[in-house]
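**Q** Below you'll find the structure I mean.
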Amino acid sequence: MGRFNLFIYVFSLSVGIFFFSDLASAQLRQNYYANVCPNVENIVRNTVTQKFQQTFVTVPATIRLFFHDCMVQGCDASIVVASTPGNTAEKDHPDNLSLAGDGFDTVIKAKAAVDAVPSCKNKVSCADILAIATRDVIALAGGPSYAVELGRLDGLSSTSASVNLPKPSFNLNQLNSMFASKGLSQADMVALSAAHTVGFSHCNKFSNRIYNFSRQNPIDPTLDKQYAAQLKSMCPVNVDPRIAINMDPNTPRHFDNIYFQNLQQGKGLFTSDQVLFTDSRTKPTVNLWATNSQAFEKAFIDAITKLGRIGVKTGTNGNIRFDCGKFN
């Protein structure tokens, strides 16, 4: 094949991939279930609200579940599928073992509530239920509400081997590269990182920053000294690995722009958080959103809407699962 013909072939292939990806996300729309299950969003919201009243962990658990789902093979609820003797599913990958059970429980309970309505039974995908629930927990925690695009099918595969997620140790180049591979911009990445305004982590995810950052600096010099001392007191050497540390030391139960103010003060828990302020490419965005919550909320809505369009399954590439935890 000549060089020019090879170029045309590769170019056509890449255009085709994006074209079909766009076709899939184009089927998403608001009020997708208007004719089959018109009350679906209210049903899900009621279930999510009940779960939220039982435990605040519902909020970060559901948001994180949605992110971990969408970033691996798209938003298709493949993260909810349980492993079988012949297959280790996404949820059992090491990066997903810390996903709180309350996120899974929220989806399963919302699916049961939807399917309890005869006209809705087996008509609404687990992927869409997770997308709706994510919007609802953000609003319940004081964050912005937004219209959710619907029309995803549930995925037909879930493998641990397919999992590739951002690491707490990532620098800006690594973050940008991973998010760009999913069609998300640097601004989208910074906005979505602010989901760390709620929730918790475990000491082993950031202990290198407070004990063995480098030979010259055992403590990461970008960390506020007082905050580093506080983290060391909560995460002593050989700490119980189940100990949970709030991601946001100031307003851990409120979805807000304080996350960005924390970064300005050297109080980003992960390297991948603090780098958003220390790197000159993202610092202006952090400074803007730290003082302008409306600008942040608009950017976050744009980013999470784009996140929800990744890898949408249509036609024979998916179906509506009867049980979110296993394939039909």
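Every chain in the structure tokens has a letter given in the order shown (A, B, ...), and although residue numbers restart at 1 in each chain, ligands are simply numbered from 1 in the order shown.
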In stretch 20-231 of chain A, what's helix (DSSP H, G or I) per DSSP? Answer as a ChimeraX atom specification?

**A** /A:20-26,40-54,58-70,78-80,90-92,94-96,101-115,126-140,160-162,172-180,186-197,203-205,208-211,225-231

**Q** Extract, using only C-alpha atoms, all DNA, RNA and protein residues at most 9 Å from stretch 76-79 of chain A, discarding same-chain residues fewer than 3 positions from it, and format them as number ranges by chain.

**A** A: 65-66, 68-70, 72-73, 82, 89-91, 96, 104, 125-128, 130, 152-159, 311-313, 318, 324-325

**Q** Which is closest to A:Ile43 among A:Ala100, A:Ala187, A:Ala116, A:Val286, if we use only C-alpha atoms?

**A**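 Smallest distance to A:Ile43 is found for A:Ala116.
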
**Q** Neighbouring residues of A:Pro38 were defined as those with any atom within 12 Å, considering only C-alpha atoms; residues of the same chain fewer than 3 positions away were excluded. Please report them as a VMD selection string.

**A** chain A and resid 30 to 35 41 to 44 114 117 119 to 120 123 to 124

**Q** By how many Å are atom CA of A:Pro218 and atom CA of A:Thr251 apart?

**A**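 Interatomic distance, atom CA of A:Pro218 to atom CA of A:Thr251: 27.9 Å.
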